[in-house]
$ cat coords00.csv   # CSV, C-alpha atoms
chain,number,residue,atom,x,y,z
A,1,MET,CA,45.4,122.6,64.8
A,2,LYS,CA,46.8,122.6,68.4
A,3,GLN,CA,49.3,125.4,68.9
A,4,VAL,CA,52.7,124.3,70.2
A,5,VAL,CA,55.6,126.2,71.9
A,6,ILE,CA,59.2,125.8,72.8
A,7,SER,CA,59.0,126.5,76.5
A,8,GLY,CA,62.5,125.9,77.7
A,9,THR,CA,66.0,125.1,76.5
A,10,GLY,CA,69.1,123.9,78.2
A,11,LEU,CA,72.8,123.6,77.5
A,12,PHE,CA,75.6,121.4,78.8
A,13,THR,CA,79.1,122.7,78.0
A,14,PRO,CA,82.2,120.6,78.8
A,15,ALA,CA,84.7,121.9,81.2
A,16,ASN,CA,87.6,121.5,78.8
A,17,SER,CA,88.4,123.9,76.0
A,18,ILE,CA,91.1,123.7,73.3
A,19,SER,CA,92.3,126.9,71.7
A,20,ASN,CA,93.5,127.1,68.1
A,21,GLU,CA,97.0,127.7,69.4
A,22,GLU,CA,97.0,124.5,71.4
A,23,LEU,CA,95.5,122.5,68.6
A,24,VAL,CA,98.0,123.8,66.0
A,25,ALA,CA,101.0,123.1,68.3
A,26,CYS,CA,99.9,119.4,68.7
A,27,PHE,CA,99.0,119.0,65.0
A,28,ASN,CA,102.3,120.5,63.8
A,29,THR,CA,104.3,118.3,66.1
A,30,TYR,CA,102.5,115.3,64.7
A,31,VAL,CA,103.3,116.5,61.1
A,32,GLU,CA,107.0,117.0,61.9
A,33,GLN,CA,107.2,113.5,63.4
A,34,PHE,CA,105.4,111.9,60.5
A,35,ASN,CA,107.5,113.7,57.9
A,36,ALA,CA,110.7,112.7,59.8
A,37,GLU,CA,109.7,109.1,60.1
A,38,ASN,CA,108.7,108.9,56.4
A,39,ALA,CA,111.6,111.0,55.0
A,40,ALA,CA,112.9,108.3,52.7
A,41,GLY,CA,109.4,107.6,51.3
A,42,ILE,CA,108.7,111.3,50.9
A,43,GLU,CA,112.0,111.7,49.0
A,44,ALA,CA,111.3,108.7,46.8
A,45,GLY,CA,107.8,110.0,46.1
A,46,SER,CA,105.9,107.0,47.6
A,47,VAL,CA,104.7,109.0,50.6
A,48,THR,CA,103.1,112.4,50.5
A,49,ALA,CA,104.5,114.9,53.0
A,50,LEU,CA,102.0,116.4,55.4
A,51,GLU,CA,101.5,120.2,55.6
A,52,PRO,CA,101.5,122.0,58.9
A,53,SER,CA,98.4,123.9,60.1
A,54,SER,CA,98.2,127.5,61.5
A,55,VAL,CA,95.9,129.6,63.6
A,56,GLY,CA,95.5,132.0,60.7
A,57,PHE,CA,94.4,129.2,58.3
A,58,ILE,CA,91.8,127.9,60.8
A,59,GLU,CA,90.2,131.2,61.5
A,60,LYS,CA,90.1,132.3,57.9
A,61,ALA,CA,88.6,129.0,56.8
A,62,SER,CA,86.0,128.6,59.6
A,63,GLY,CA,85.8,131.5,62.0
A,64,ILE,CA,86.5,129.1,64.8
A,65,LYS,CA,88.9,130.2,67.6
A,66,SER,CA,88.4,127.4,70.2
A,67,ARG,CA,86.2,124.4,71.0
A,68,TYR,CA,84.9,122.5,74.1
A,69,VAL,CA,85.7,118.8,74.4
A,70,MET,CA,84.9,116.1,76.9
A,71,GLU,CA,88.6,115.3,77.4
A,72,LYS,CA,91.6,117.2,75.9
A,73,GLU,CA,94.8,115.7,77.1
A,74,GLY,CA,94.5,112.7,74.7
A,75,ILE,CA,93.7,115.0,71.8
A,76,LEU,CA,96.7,117.1,72.5
A,77,ASP,CA,99.1,114.1,72.7
A,78,PRO,CA,100.8,114.0,69.2
A,79,LYS,CA,101.3,110.3,69.5
A,80,ARG,CA,97.6,109.6,70.2
A,81,MET,CA,95.3,112.5,69.1
A,82,VAL,CA,92.2,110.9,70.5
A,83,SER,CA,90.4,111.6,73.8
A,84,ARG,CA,91.1,109.3,76.7
A,85,ILE,CA,87.6,108.4,78.0
A,86,ALA,CA,87.2,105.1,79.8
A,87,GLU,CA,84.3,102.8,79.0
A,88,ARG,CA,81.7,102.5,81.7
A,89,ALA,CA,80.1,99.4,83.0
A,90,ASP,CA,76.7,98.5,81.6
A,91,ASP,CA,75.0,99.3,84.9
A,92,GLU,CA,76.5,102.8,85.0
A,93,LEU,CA,74.9,105.8,83.3
A,94,SER,CA,76.4,106.2,79.8
A,95,LEU,CA,78.4,109.3,79.1
A,96,GLN,CA,76.0,110.5,76.4
A,97,ALA,CA,73.1,110.0,78.7
A,98,GLU,CA,74.9,111.9,81.5
A,99,ILE,CA,75.2,115.0,79.4
A,100,CYS,CA,71.6,114.7,78.2
A,101,VAL,CA,70.5,114.7,81.8
A,102,ALA,CA,72.5,117.8,82.6
A,103,ALA,CA,71.0,119.8,79.7
A,104,ALA,CA,67.5,118.4,80.3
A,105,GLN,CA,67.4,119.6,83.9
A,106,GLN,CA,68.2,123.1,82.7
A,107,ALA,CA,65.5,123.0,80.0
A,108,LEU,CA,62.9,121.6,82.5
A,109,ASP,CA,63.7,124.4,85.0
A,110,ARG,CA,63.4,127.0,82.4
A,111,ALA,CA,60.1,125.6,81.2
A,112,GLY,CA,58.8,125.4,84.7
A,113,ARG,CA,58.3,121.6,84.3
A,114,SER,CA,59.3,118.4,86.0
A,115,ALA,CA,59.9,114.9,84.7
A,116,ALA,CA,56.2,114.1,85.5
A,117,ASP,CA,55.1,116.5,82.8
A,118,ILE,CA,57.1,114.8,80.0
A,119,ASP,CA,55.6,112.0,78.0
A,120,MET,CA,58.2,111.6,75.3
A,121,VAL,CA,62.1,111.7,75.1
A,122,LEU,CA,63.8,112.1,71.8
A,123,VAL,CA,67.6,111.9,71.5
A,124,ALA,CA,68.5,113.4,68.1
A,125,CYS,CA,72.2,113.7,67.1
A,126,SER,CA,74.8,112.8,64.6
A,127,ASN,CA,76.4,109.9,66.5
A,128,MET,CA,75.0,107.6,69.1
A,129,GLN,CA,77.3,106.1,71.7
A,130,ARG,CA,75.9,102.6,70.9
A,131,ALA,CA,73.4,100.9,68.6
A,132,TYR,CA,71.0,99.8,71.4
A,133,PRO,CA,69.3,100.1,73.8
A,134,ALA,CA,68.2,103.6,72.6
A,135,MET,CA,70.0,106.4,74.4
A,136,ALA,CA,66.6,108.1,74.8
A,137,VAL,CA,65.2,105.2,76.9
A,138,GLU,CA,68.3,105.4,79.2
A,139,VAL,CA,67.8,109.1,79.6
A,140,GLN,CA,64.1,108.5,80.3
A,141,GLN,CA,64.9,106.1,83.1
A,142,ALA,CA,67.6,108.5,84.5
A,143,LEU,CA,65.1,111.3,84.7
A,144,ASN,CA,62.3,109.0,85.9
A,145,ILE,CA,60.0,109.9,83.0
A,146,ASP,CA,56.9,107.8,82.5
A,147,GLY,CA,56.3,107.5,78.8
A,148,TYR,CA,58.4,106.5,75.8
A,149,GLY,CA,61.6,107.5,74.1
A,150,PHE,CA,63.5,106.9,70.9
A,151,ASP,CA,66.6,108.0,69.0
A,152,MET,CA,67.0,109.5,65.6
A,153,ASN,CA,69.9,110.7,63.4
A,154,VAL,CA,69.7,113.3,60.6
A,155,ALA,CA,73.3,114.4,61.2
A,156,CYS,CA,73.6,118.2,61.8
A,157,SER,CA,69.9,118.7,61.2
A,158,SER,CA,68.8,116.3,64.0
A,159,ALA,CA,67.6,119.1,66.3
A,160,THR,CA,65.2,120.8,63.9
A,161,PHE,CA,64.0,117.4,62.7
A,162,GLY,CA,63.5,116.4,66.3
A,163,ILE,CA,61.5,119.6,67.0
A,164,GLN,CA,59.2,118.7,64.1
A,165,GLN,CA,58.7,115.2,65.5
A,166,ALA,CA,57.9,116.7,68.9
A,167,VAL,CA,55.4,119.1,67.4
A,168,ALA,CA,53.6,116.3,65.6
A,169,ALA,CA,53.5,114.2,68.9
A,170,VAL,CA,51.9,117.1,70.8
A,171,GLN,CA,49.5,118.0,68.1
A,172,SER,CA,48.4,114.3,67.7
A,173,GLY,CA,47.9,113.9,71.4
A,174,GLN,CA,50.6,111.3,71.8
A,175,ALA,CA,52.5,113.5,74.3
A,176,ARG,CA,51.6,116.4,76.5
A,177,ALA,CA,55.2,117.6,76.4
A,178,VAL,CA,58.4,116.3,74.6
A,179,LEU,CA,62.0,116.6,75.7
A,180,VAL,CA,64.3,116.8,72.6
A,181,LEU,CA,68.0,116.2,73.4
A,182,ASN,CA,71.0,116.8,71.1
A,183,PRO,CA,74.1,115.2,72.8
A,184,GLU,CA,77.0,115.8,70.4
A,185,ILE,CA,80.3,114.2,71.4
A,186,THR,CA,81.8,115.1,68.0
A,187,SER,CA,85.4,114.7,69.2
A,188,GLY,CA,84.8,111.0,68.9
A,189,HIS,CA,84.4,111.0,65.1
A,190,LEU,CA,86.8,113.8,64.2
A,191,ASN,CA,90.0,112.9,62.4
A,192,TRP,CA,92.4,115.1,64.5
A,193,ARG,CA,95.2,114.2,62.0
A,194,ASP,CA,93.5,115.7,59.0
A,195,ARG,CA,94.6,119.3,58.2
A,196,ASP,CA,91.4,120.2,56.4
A,197,SER,CA,89.1,119.2,59.3
A,198,HIS,CA,91.1,118.8,62.5
A,199,PHE,CA,89.7,122.1,63.9
A,200,ILE,CA,86.1,121.8,62.9
A,201,PHE,CA,84.2,120.1,65.8
A,202,GLY,CA,83.4,120.6,69.5
A,203,ASP,CA,81.4,118.8,72.1
A,204,ALA,CA,78.1,120.0,73.7
A,205,CYS,CA,74.6,118.9,74.5
A,206,THR,CA,71.4,120.9,74.1
A,207,ALA,CA,67.8,120.2,75.4
A,208,ILE,CA,64.5,121.6,74.3
A,209,VAL,CA,61.0,121.3,75.9
A,210,VAL,CA,58.2,121.3,73.4
A,211,GLU,CA,54.6,121.4,74.6
A,212,ALA,CA,51.1,122.6,74.0
A,213,LYS,CA,50.7,126.4,74.1
A,214,ASP,CA,47.5,126.2,76.2
A,215,ALA,CA,49.2,124.2,78.9
A,216,ALA,CA,52.6,126.0,79.0
A,217,VAL,CA,53.6,127.9,82.2
A,218,SER,CA,57.1,129.1,81.2
A,219,LYS,CA,58.0,132.8,81.0
A,220,HIS,CA,60.2,131.9,78.0
A,221,GLN,CA,57.8,130.7,75.4
A,222,TRP,CA,58.3,130.7,71.6
A,223,GLU,CA,55.3,129.6,69.6
A,224,ILE,CA,56.2,127.3,66.7
A,225,LEU,CA,54.5,128.8,63.6
A,226,ASP,CA,55.9,126.5,60.9
A,227,THR,CA,58.4,123.6,60.4
A,228,LYS,CA,59.8,122.5,57.1
A,229,LEU,CA,62.2,119.7,56.4
A,230,LYS,CA,64.1,118.6,53.3
A,231,THR,CA,66.7,115.9,52.4
A,232,SER,CA,68.7,115.3,49.3
A,233,PHE,CA,71.3,112.5,49.2
A,234,SER,CA,75.0,113.5,48.9
A,235,ASN,CA,78.3,111.9,49.7
A,236,ASN,CA,80.0,115.2,50.2
A,237,ILE,CA,79.8,114.7,54.0
A,238,ARG,CA,80.2,111.2,55.2
A,239,ASN,CA,81.2,108.8,58.0
A,240,ASN,CA,81.5,105.1,57.2
A,241,PHE,CA,81.8,103.8,60.7
A,242,GLY,CA,79.3,101.1,61.5
A,243,PHE,CA,78.7,97.5,62.5
A,244,LEU,CA,79.2,96.2,59.0
A,245,ASN,CA,82.9,97.3,59.2
A,246,ARG,CA,83.7,94.0,61.0
A,247,PHE,CA,83.2,92.2,57.7
A,248,ASP,CA,86.3,93.9,56.2
A,249,GLU,CA,89.1,94.0,58.7
A,250,ALA,CA,91.4,95.9,56.3
A,251,GLY,CA,89.2,98.9,56.7
A,252,ALA,CA,89.3,99.1,60.5
A,253,GLY,CA,90.6,102.4,61.7
A,254,GLN,CA,90.8,104.0,58.2
A,255,PRO,CA,90.1,107.7,57.7
A,256,ASP,CA,86.8,107.0,56.0
A,257,LYS,CA,85.5,105.6,59.3
A,258,LEU,CA,85.7,109.1,60.7
A,259,PHE,CA,84.2,112.4,59.6
A,260,LYS,CA,85.2,113.5,56.1
A,261,GLN,CA,83.8,116.1,53.7
A,262,GLN,CA,84.4,117.9,50.5
A,263,GLY,CA,84.1,121.3,52.0
A,264,ARG,CA,84.0,123.4,48.8
A,265,LYS,CA,81.3,121.3,47.3
A,266,VAL,CA,79.3,121.4,50.6
A,267,PHE,CA,79.6,125.2,50.7
A,268,LYS,CA,78.5,125.6,47.1
A,269,ASP,CA,75.6,123.2,47.4
A,270,VAL,CA,74.2,123.9,50.9
A,271,CYS,CA,74.2,127.7,51.2
A,272,PRO,CA,71.6,128.4,48.4
A,273,MET,CA,69.6,125.4,49.6
A,274,ALA,CA,69.4,126.6,53.2
A,275,ALA,CA,68.7,130.2,52.2
A,276,GLU,CA,65.8,129.1,49.9
A,277,MET,CA,64.4,126.8,52.6
A,278,ILE,CA,64.4,129.6,55.1
A,279,LYS,CA,62.6,132.0,52.7
A,280,GLU,CA,60.0,129.3,51.9
A,281,SER,CA,59.4,128.6,55.6
A,282,ILE,CA,58.9,132.3,56.3
A,283,ALA,CA,56.4,132.5,53.4
A,284,ARG,CA,54.6,129.3,54.5
A,285,ALA,CA,54.1,131.0,57.9
A,286,GLY,CA,52.4,133.9,56.2
A,287,LEU,CA,55.3,136.3,56.9
A,288,GLU,CA,57.8,138.3,55.0
A,289,VAL,CA,61.6,138.4,55.4
A,290,PRO,CA,61.7,142.0,56.8
A,291,GLN,CA,59.4,140.9,59.7
A,292,VAL,CA,62.0,138.4,61.0
A,293,SER,CA,64.3,139.7,63.7
A,294,ARG,CA,66.7,136.9,64.1
A,295,TYR,CA,68.2,133.8,62.5
A,296,TRP,CA,69.7,131.1,64.7
A,297,LEU,CA,71.6,129.2,62.0
A,298,HIS,CA,73.6,125.9,62.2
A,299,GLN,CA,77.1,126.8,63.4
A,300,ALA,CA,79.4,125.0,61.0
A,301,ASN,CA,81.3,127.7,59.3
A,302,LEU,CA,81.2,131.5,59.6
A,303,ASN,CA,81.6,132.1,55.9
A,304,MET,CA,78.6,129.8,55.2
A,305,ASN,CA,76.4,131.7,57.7
A,306,LEU,CA,77.5,135.1,56.3
A,307,LEU,CA,76.5,134.0,52.8
A,308,ILE,CA,73.2,132.4,53.8
A,309,SER,CA,72.2,135.6,55.7
A,310,ARG,CA,73.1,137.7,52.6
A,311,LEU,CA,71.1,135.4,50.3
A,312,ILE,CA,68.1,135.8,52.6
A,313,LEU,CA,68.3,139.5,53.4
A,314,GLY,CA,69.8,140.8,50.1
A,315,ARG,CA,72.5,142.4,52.3
A,316,ASP,CA,75.0,141.6,55.0
A,317,ALA,CA,73.3,140.8,58.3
A,318,GLU,CA,73.5,143.4,61.1
A,319,PRO,CA,75.1,142.4,64.4
A,320,GLY,CA,72.6,140.3,66.3
A,321,GLU,CA,70.5,139.2,63.3
A,322,ALA,CA,72.4,135.9,63.0
A,323,PRO,CA,74.2,135.3,66.3
A,324,VAL,CA,77.5,133.4,66.1
A,325,ILE,CA,78.7,131.0,68.8
A,326,LEU,CA,81.0,128.8,66.7
A,327,ASP,CA,84.0,131.0,67.5
A,328,THR,CA,84.1,129.5,71.0
A,329,TYR,CA,82.0,126.2,70.5
A,330,ALA,CA,83.1,125.3,67.0
A,331,ASN,CA,80.8,123.1,65.0
A,332,THR,CA,78.7,121.1,67.5
A,333,SER,CA,76.7,119.5,64.8
A,334,SER,CA,72.9,119.4,65.6
A,335,ALA,CA,73.4,121.3,68.9
A,336,GLY,CA,74.8,124.4,67.2
A,337,SER,CA,71.6,126.3,66.2
A,338,ILE,CA,70.1,125.4,69.5
A,339,ILE,CA,73.1,126.8,71.4
A,340,ALA,CA,72.7,130.0,69.4
A,341,PHE,CA,68.9,130.1,70.2
A,342,HIS,CA,69.5,129.3,73.9
A,343,LYS,CA,72.1,132.1,74.4
A,344,HIS,CA,70.5,134.7,72.1
A,345,ASN,CA,66.7,134.9,72.5
A,346,ASP,CA,65.9,136.5,75.9
A,347,ASP,CA,66.7,140.0,74.6
A,348,LEU,CA,64.0,140.0,71.9
A,349,PRO,CA,60.6,141.6,72.7
A,350,GLN,CA,57.3,139.9,72.8
A,351,GLY,CA,56.0,139.3,69.3
A,352,ALA,CA,59.5,139.1,67.8
A,353,LEU,CA,59.9,136.5,65.0
A,354,GLY,CA,62.8,134.2,64.3
A,355,VAL,CA,64.0,131.2,62.4
A,356,ILE,CA,66.0,128.2,63.8
A,357,CYS,CA,67.7,126.5,60.8
A,358,SER,CA,70.1,123.6,60.6
A,359,PHE,CA,71.8,122.0,57.6
A,360,GLY,CA,74.3,119.2,57.1
A,361,ALA,CA,75.0,115.7,55.9
A,362,GLY,CA,72.4,114.0,53.9
A,363,TYR,CA,72.0,116.7,52.7
A,364,SER,CA,69.5,117.6,55.3
A,365,ILE,CA,67.9,120.9,56.1
A,366,GLY,CA,65.4,121.8,58.8
A,367,ALA,CA,63.7,125.2,59.5
A,368,VAL,CA,61.5,126.2,62.4
A,369,VAL,CA,59.7,129.6,62.4
A,370,VAL,CA,59.0,130.9,65.9
A,371,ARG,CA,57.3,133.9,67.6
A,372,LYS,CA,58.0,135.1,71.1
A,373,LEU,CA,55.0,135.1,73.4
$ encode --input "coords00.csv" --output "structure tokens"
Amino acid sequence: MKQVVISGTGLFTPANSISNEELVACFNTYVEQFNAENAAGIEAGSVTALEPSSVGFIEKASGIKSRYVMEKEGILDPKRMVSRIAERADDELSLQAEICVAAAQQALDRAGRSAADIDMVLVACSNMQRAYPAMAVEVQQALNIDGYGFDMNVACSSATFGIQQAVAAVQSGQARAVLVLNPEITSGHLNWRDRDSHFIFGDACTAIVVEAKDAAVSKHQWEILDTKLKTSFSNNIRNNFGFLNRFDEAGAGQPDKLFKQQGRKVFKDVCPMAAEMIKESIARAGLEVPQVSRYWLHQANLNMNLLISRLILGRDAEPGEAPVILDTYANTSSAGSIIAFHKHNDDLPQGALGVICSFGAGYSIGAVVVRKL
């Protein structure tokens, strides 16, 4: 079987960051206004009073201290609490395609490749800007890539599922090299008025170049030793926004059309599933857990990552074994594990082993075992 490598990664980070302090100030102003406007209903028991948030609550629940967003002023307006991003004309480059191009150029540079070397573009993320044409085909045109492209969605696991698809394309001869892109504008589907989730997400885009080992020229190669994917249906993380919503006008704009989750159930279900998946992937690659130097885990919640690491290792992870980027990026959905990999792999020596793992709605879990060349 043809050997395949990750030869380059890239990262687009928005210019705007929102601290927990800024977010809480806005949210609590909204809560005060809501409770004042609904005082009679609250007193009568027909309306439930909203509870304020706090920096301490957010950091204890998630480990998140700030997040990057495409636009922050609209989010921090208590009367709006949604980004102000104007629509673009059909003949302009889409916002999601724009951030893909920025991340892709970094990944291509790091891989020592140009657009002429890429045969396939795969945009894999939680939410697409539109139904069609495919975002990947627009990015393909913007980068002047001759080949084909398509979109896929496996929620927070989209990046690892995308890597597996890229590996298959290279091994089958469909593509010499594949560009996998994860443009996550999660601020668009977050309910900024929900105390339990208003702090969770941030925006970012990652890019990955996957190609045949015998043709790669990069100084930053990681051989892909094994990929393993698993899905199991669950409603515990859900977003009901879609084109069928127009059939029922009463549901337009309702909270279920945005991100919602039953966090405690997700924590209980997903942590053991992810840990077991990682251990199985390591074994499938003919390795043992003590041989693995680093775990680049999905960056959703610090407590989840601490528990998953403990279940894998049988102890608490040492600093550097499972790098954390969610304190400043928050949950960037499918981009999270790749941000961690992008920022925390150059320090490892040749021959070092690692696992990229993502997990999320579906439930979906993807694991990629890699070795530094």
$ residues_around --input "coords00.csv" --residues "stretch 306-308 of chain A" --least-positions-apart "5" --cutoff "12 Å" --atoms "all atoms listed in the file" --output "PDB file with C-alpha atoms, in the frame of the given file"
ATOM      1  CA  SER A  62      86.000 128.600  59.600  1.00  0.00           C
ATOM      2  CA  GLY A  63      85.800 131.500  62.000  1.00  0.00           C
ATOM      3  CA  PHE A 267      79.600 125.200  50.700  1.00  0.00           C
ATOM      4  CA  LYS A 268      78.500 125.600  47.100  1.00  0.00           C
ATOM      5  CA  ASP A 269      75.600 123.200  47.400  1.00  0.00           C
ATOM      6  CA  VAL A 270      74.200 123.900  50.900  1.00  0.00           C
ATOM      7  CA  CYS A 271      74.200 127.700  51.200  1.00  0.00           C
ATOM      8  CA  PRO A 272      71.600 128.400  48.400  1.00  0.00           C
ATOM      9  CA  MET A 273      69.600 125.400  49.600  1.00  0.00           C
ATOM     10  CA  ALA A 274      69.400 126.600  53.200  1.00  0.00           C
ATOM     11  CA  ALA A 275      68.700 130.200  52.200  1.00  0.00           C
ATOM     12  CA  GLU A 276      65.800 129.100  49.900  1.00  0.00           C
ATOM     13  CA  MET A 277      64.400 126.800  52.600  1.00  0.00           C
ATOM     14  CA  ILE A 278      64.400 129.600  55.100  1.00  0.00           C
ATOM     15  CA  LYS A 279      62.600 132.000  52.700  1.00  0.00           C
ATOM     16  CA  TYR A 295      68.200 133.800  62.500  1.00  0.00           C
ATOM     17  CA  TRP A 296      69.700 131.100  64.700  1.00  0.00           C
ATOM     18  CA  LEU A 297      71.600 129.200  62.000  1.00  0.00           C
ATOM     19  CA  HIS A 298      73.600 125.900  62.200  1.00  0.00           C
ATOM     20  CA  GLN A 299      77.100 126.800  63.400  1.00  0.00           C
ATOM     21  CA  ALA A 300      79.400 125.000  61.000  1.00  0.00           C
ATOM     22  CA  ASN A 301      81.300 127.700  59.300  1.00  0.00           C
ATOM     23  CA  LEU A 313      68.300 139.500  53.400  1.00  0.00           C
ATOM     24  CA  GLY A 314      69.800 140.800  50.100  1.00  0.00           C
ATOM     25  CA  ARG A 315      72.500 142.400  52.300  1.00  0.00           C
ATOM     26  CA  ASP A 316      75.000 141.600  55.000  1.00  0.00           C
ATOM     27  CA  ALA A 317      73.300 140.800  58.300  1.00  0.00           C
ATOM     28  CA  GLU A 318      73.500 143.400  61.100  1.00  0.00           C
ATOM     29  CA  PRO A 319      75.100 142.400  64.400  1.00  0.00           C
ATOM     30  CA  GLU A 321      70.500 139.200  63.300  1.00  0.00           C
ATOM     31  CA  ALA A 322      72.400 135.900  63.000  1.00  0.00           C
ATOM     32  CA  PRO A 323      74.200 135.300  66.300  1.00  0.00           C
ATOM     33  CA  VAL A 324      77.500 133.400  66.100  1.00  0.00           C
ATOM     34  CA  CYS A 357      67.700 126.500  60.800  1.00  0.00           C
ATOM     35  CA  SER A 358      70.100 123.600  60.600  1.00  0.00           C
ATOM     36  CA  PHE A 359      71.800 122.000  57.600  1.00  0.00           C
TER      37      PHE A 359
END
$ closest_residue --input "coords00.csv" --among "A:Ala102, A:Ala212, A:Val24, A:Ile145" --to "A:Thr9" --atoms "all atoms listed in the file"
A:Ala102
$ closest_residue --input "coords00.csv" --among "A:Ala89, A:Ile18, A:Leu23, A:Leu50" --to "A:Val69" --atoms "only C-alpha atoms"
A:Ile18
$ closest_atom_pairs --input "coords00.csv" --of "stretch 257-284 of chain A" --to "stretch 189-202 of chain A" --cutoff "9 Å" --atoms "all atoms listed in the file" --output "CSV"
residue,atom,partner,partner_atom,distance
A:Lys257,CA,A:His189,CA,8.0
A:Leu258,CA,A:His189,CA,5.0
A:Phe259,CA,A:Leu190,CA,5.5
A:Lys260,CA,A:Ser197,CA,7.6
A:Gln261,CA,A:Ser197,CA,8.3
A:Gly263,CA,A:Asp196,CA,8.6
$ residues_around --input "coords00.csv" --residues "A:Lys372" --least-positions-apart "5" --cutoff "7 Å" --atoms "only C-alpha atoms" --output "JSON list (two decimals) with C-alpha atoms, keeping the file's coordinate frame"
[["chain", "number", "residue", "atom", "x", "y", "z"],
["A", 221, "GLN", "CA", 57.80, 130.70, 75.40],
["A", 222, "TRP", "CA", 58.30, 130.70, 71.60],
["A", 223, "GLU", "CA", 55.30, 129.60, 69.60],
["A", 350, "GLN", "CA", 57.30, 139.90, 72.80],
["A", 351, "GLY", "CA", 56.00, 139.30, 69.30],
["A", 352, "ALA", "CA", 59.50, 139.10, 67.80],
["A", 353, "LEU", "CA", 59.90, 136.50, 65.00]]
$ closest_residue --input "coords00.csv" --among "A:Arg176, A:Arg130, A:Lys343, A:Arg113" --to "A:Lys2" --atoms "only C-alpha atoms"
A:Arg176
$ residues_around --input "coords00.csv" --residues "A:Lys219" --least-positions-apart "4" --cutoff "10 Å" --atoms "all atoms listed in the file" --output "PyMOL selection string"
chain A and resi 7-8+110-112+373
$ atom_distance --input "coords00.csv" --atom1 "atom CA of A:Gly149" --atom2 "atom CA of A:Val180"
9.8 Å
$ residues_around --input "coords00.csv" --residues "A:Glu51" --least-positions-apart "3" --cutoff "10 Å" --atoms "all atoms listed in the file" --output "PyMOL selection string"
chain A and resi 27-28+31-32+35+48+54+194-195
$ atom_distance --input "coords00.csv" --atom1 "atom CA of A:Ala175" --atom2 "atom CA of A:Cys100"
19.5 Å
$ closest_residue --input "coords00.csv" --among "A:Val4, A:Val101, A:Val139, A:Leu108" --to "A:Ser218" --atoms "only C-alpha atoms"
A:Leu108
$ closest_atom_pairs --input "coords00.csv" --of "stretch 150-214 of chain A" --to "stretch 361-365 of chain A" --cutoff "10 Å" --atoms "all atoms listed in the file" --output "tab-separated table"
residue	atom	partner	partner_atom	distance
A:Val154	CA	A:Ser364	CA	6.8
A:Ala155	CA	A:Ala361	CA	5.7
A:Cys156	CA	A:Ala361	CA	6.6
A:Ser157	CA	A:Ile365	CA	5.9
A:Ser158	CA	A:Ser364	CA	8.8
A:Thr160	CA	A:Ile365	CA	8.3
A:Phe161	CA	A:Ile365	CA	8.4
$ residues_around --input "coords00.csv" --residues "A:Gln171" --least-positions-apart "3" --cutoff "12 Å" --atoms "only C-alpha atoms" --output "MDAnalysis selection string"
chainID A and resid 1:5 164:168 174:178 210:214 224
$ closest_residue --input "coords00.csv" --among "A:Val289, A:Met152, A:Val82, A:Ala330" --to "A:Ser126" --atoms "all atoms listed in the file"
A:Met152
$ closest_residue --input "coords00.csv" --among "A:Ile185, A:Leu93, A:Ala39, A:Val209" --to "A:Gln105" --atoms "only C-alpha atoms"
A:Val209
$ atom_distance --input "coords00.csv" --atom1 "atom CA of A:Asp203" --atom2 "atom CA of A:Ser293"
28.3 Å
$ residues_near_point --input "coords00.csv" --point "(72.9, 105.2, 76.9)" --cutoff "9 Å" --atoms "all atoms listed in the file" --output "list in words"
Leu93, Ser94, Leu95, Gln96, Ala97, Glu98, Met128, Gln129, Arg130, Tyr132, Pro133, Ala134, Met135, Ala136, Val137, Glu138 and Val139 of chain A
$ write_last_selection --input "coords00.csv" --atoms "C-alpha atoms" --output "PDB file, in the frame of the given file"
ATOM      1  CA  LEU A  93      74.900 105.800  83.300  1.00  0.00           C
ATOM      2  CA  SER A  94      76.400 106.200  79.800  1.00  0.00           C
ATOM      3  CA  LEU A  95      78.400 109.300  79.100  1.00  0.00           C
ATOM      4  CA  GLN A  96      76.000 110.500  76.400  1.00  0.00           C
ATOM      5  CA  ALA A  97      73.100 110.000  78.700  1.00  0.00           C
ATOM      6  CA  GLU A  98      74.900 111.900  81.500  1.00  0.00           C
ATOM      7  CA  MET A 128      75.000 107.600  69.100  1.00  0.00           C
ATOM      8  CA  GLN A 129      77.300 106.100  71.700  1.00  0.00           C
ATOM      9  CA  ARG A 130      75.900 102.600  70.900  1.00  0.00           C
ATOM     10  CA  TYR A 132      71.000  99.800  71.400  1.00  0.00           C
ATOM     11  CA  PRO A 133      69.300 100.100  73.800  1.00  0.00           C
ATOM     12  CA  ALA A 134      68.200 103.600  72.600  1.00  0.00           C
ATOM     13  CA  MET A 135      70.000 106.400  74.400  1.00  0.00           C
ATOM     14  CA  ALA A 136      66.600 108.100  74.800  1.00  0.00           C
ATOM     15  CA  VAL A 137      65.200 105.200  76.900  1.00  0.00           C
ATOM     16  CA  GLU A 138      68.300 105.400  79.200  1.00  0.00           C
ATOM     17  CA  VAL A 139      67.800 109.100  79.600  1.00  0.00           C
TER      18      VAL A 139
END
